[in-house]
Amino acid sequence: MPTLWLATGLASTTLVAALAHPLPAAADRRPELLVFAAASLTDALGEIGAGFEARTGMRVLFSFAGSNALARQIQAGAPADVFVSANLDRMDELEKGGLVRPQDRVDLLSNRLAVVVAACSKLAMSRPQDLERAHRLALGDPEAVPAGIYARRWLEAVGLWGVLRERVVPTLDVRAALAAVESGAADVGIVYRTDAMTSRRVRVTLEVPPDEAPPIVYPAAVLASSKTPEAREFLDYLQSAEARAVFTRLGFEPLDETQAR
């Protein structure tokens with residue numbers, strides 16, 4: 001498989017994402033909350049974080065990257081307060097390692113996969129088999145990145161993985177896969193529907209029906225090591241009507257208790 005493709009400005013070779021806000025000035029003495037979150041949540045959590053700041057006065061800092069990279073950083077002792085993953089497996093690993101307590105996690109959201117091409121592309125793909133016309137297919141790394149893992153499982157289910165695996169351009173996270181299509185580094189990409197909605201430089205040519213794809217679940221949790229009392233308040237805010245409205249507007253599907261694990 002090719003070397004991981006990295007979109008300039010979307011991630012770093014150290015796999016540590018830039019904070020969503022600049023570092024605070026010395027005069028800013030507000031308490032801080034550090035949230036590690038999947039790259040696909042960048043826009044939604046940026047807006048939700050601003051709402052939480054306005055409500056509480058707490059300064060919210062974000063580190064966005066692939067869920068697998070963030071989970072490794074947490075396991076290595078990164079001082080995050082809250083983790084929002086795009087994959088249940090990563091959260092389960094942290095819980096098994098004692099880094100997340102069962103009572104401090106919730107299944108927050110769902111999403112859908114979408115096949116995208118450049119907005120100017122003449123490619124039309126109305127069914128999975130049309131992907132065989134792709135020369136370079138951008139995915140989050142299908143061995144590690146949740147969006148890529150979901151895409152690989154879908155392609156396996158429809159019998160196309162064996163045909164397409166050598167054409168895959170693996171990326172460090174789903175936003176880098178989107179950028180690969182935007183820039184022409186790949187002619188086709190499989191990303192989350194929500195990522196496709198953020199770009200005018202791509203168009204969705206096929207949305208994967210939920211019953212054809214593996215369940216996509218975003219769990220969120222307060223980390224056991226957090227010393228920030230407001231971390232639990234932020235987790236609750238992610239489930240509030242205000243936050244759910246933002247998630248829904250940006251294409252996510254908030255989960256309720258009947259849909260959780």
# chains A, B, ... in the order shown; residues from 1 in each chain; ligands from 1
>>> residues_around(residues="range 249-251 of chain A", least_positions_apart="3", cutoff="8 Å", atoms="only C-alpha atoms", output="ChimeraX atom specification")
/A:44,111,193-194,197,245-246
>>> residues_around(residues="Ala213 in chain A", least_positions_apart="3", cutoff="9 Å", atoms="only C-alpha atoms", output="ChimeraX atom specification")
/A:112-113,150-151,153-155,157,208-210,216
>>> write_last_selection(atoms="N, CA and C atoms", output="CSV table (one decimal), in the first residue's frame")
chain,number,residue,atom,x,y,z
A,112,ARG,N,-22.6,8.8,7.9
A,112,ARG,CA,-22.7,8.0,6.7
A,112,ARG,C,-21.5,8.2,5.8
A,113,LEU,N,-21.2,7.1,5.0
A,113,LEU,CA,-20.1,7.2,4.1
A,113,LEU,C,-20.6,7.8,2.8
A,150,TYR,N,-14.1,1.8,8.0
A,150,TYR,CA,-15.5,1.7,7.6
A,150,TYR,C,-15.6,1.5,6.1
A,151,ALA,N,-14.9,2.3,5.3
A,151,ALA,CA,-14.9,2.2,3.9
A,151,ALA,C,-14.4,0.9,3.4
A,153,ARG,N,-14.5,-2.0,5.0
A,153,ARG,CA,-15.5,-3.0,5.3
A,153,ARG,C,-16.6,-3.0,4.3
A,154,TRP,N,-17.0,-1.7,3.9
A,154,TRP,CA,-18.1,-1.6,2.9
A,154,TRP,C,-17.6,-2.2,1.6
A,155,LEU,N,-16.4,-1.9,1.2
A,155,LEU,CA,-15.9,-2.4,-0.1
A,155,LEU,C,-15.7,-3.9,-0.1
A,157,ALA,N,-17.7,-5.9,1.7
A,157,ALA,CA,-19.0,-6.4,1.7
A,157,ALA,C,-19.6,-6.4,0.3
A,208,VAL,N,-23.6,6.1,0.6
A,208,VAL,CA,-23.8,4.6,1.0
A,208,VAL,C,-25.0,4.5,1.9
A,209,PRO,N,-26.0,3.7,1.6
A,209,PRO,CA,-27.1,3.5,2.5
A,209,PRO,C,-26.6,2.9,3.8
A,210,PRO,N,-27.2,3.3,4.9
A,210,PRO,CA,-26.7,2.7,6.2
A,210,PRO,C,-26.8,1.2,6.3
A,216,ILE,N,-21.7,3.2,12.0
A,216,ILE,CA,-20.7,4.2,12.3
A,216,ILE,C,-21.2,4.9,13.6
>>> residues_around(residues="range 74-77 of chain A", least_positions_apart="5", cutoff="10 Å", atoms="only C-alpha atoms", output="compact mmCIF listing (two decimals) with N, CA and C atoms, in the first residue's frame")
# COMPACT_ATOMS: atom_id res chain seq x y z
N PHE A 36 -9.75 16.07 22.85
CA PHE A 36 -9.22 15.34 21.70
C PHE A 36 -10.41 14.82 20.90
N ASN A 68 -7.37 7.00 15.88
CA ASN A 68 -6.32 6.06 16.29
C ASN A 68 -5.11 6.80 16.83
N ALA A 69 -4.72 7.89 16.15
CA ALA A 69 -3.57 8.68 16.61
C ALA A 69 -3.84 9.32 17.95
N PHE A 83 -12.41 12.85 25.24
CA PHE A 83 -12.07 12.23 23.96
C PHE A 83 -13.36 11.93 23.22
N GLU A 93 -10.68 0.23 23.75
CA GLU A 93 -9.29 -0.02 24.17
C GLU A 93 -8.92 0.85 25.37
N LEU A 94 -9.33 2.11 25.34
CA LEU A 94 -9.02 3.00 26.46
C LEU A 94 -9.74 2.56 27.72
N GLY A 97 -8.03 -0.36 29.23
CA GLY A 97 -6.78 0.05 29.85
C GLY A 97 -6.96 0.91 31.09
N GLY A 98 -8.22 1.14 31.51
CA GLY A 98 -8.48 1.94 32.69
C GLY A 98 -8.38 3.43 32.48
N LEU A 99 -8.29 3.87 31.23
CA LEU A 99 -8.15 5.30 30.93
C LEU A 99 -9.50 5.99 30.76
N LEU A 223 -11.99 11.49 30.30
CA LEU A 223 -10.86 10.62 30.61
C LEU A 223 -10.68 10.50 32.12
N SER A 225 -8.15 10.39 33.84
CA SER A 225 -7.05 11.20 34.36
C SER A 225 -7.37 12.68 34.45
>>> select_by_dssp(residues="range 20-151 of chain A", states="alpha helix (DSSP H)", output="VMD selection string")
chain A and resid 42 to 56 67 to 75 88 to 96 146 to 151
>>> closest_residue(among="A:Val117, A:Val222, A:Leu34, A:Asp141", to="Ala185 in chain A", atoms="only C-alpha atoms")
A:Val117
>>> atom_distance(atom1="CA of Val100 in chain A", atom2="CA of Val217 in chain A")
17.0 Å
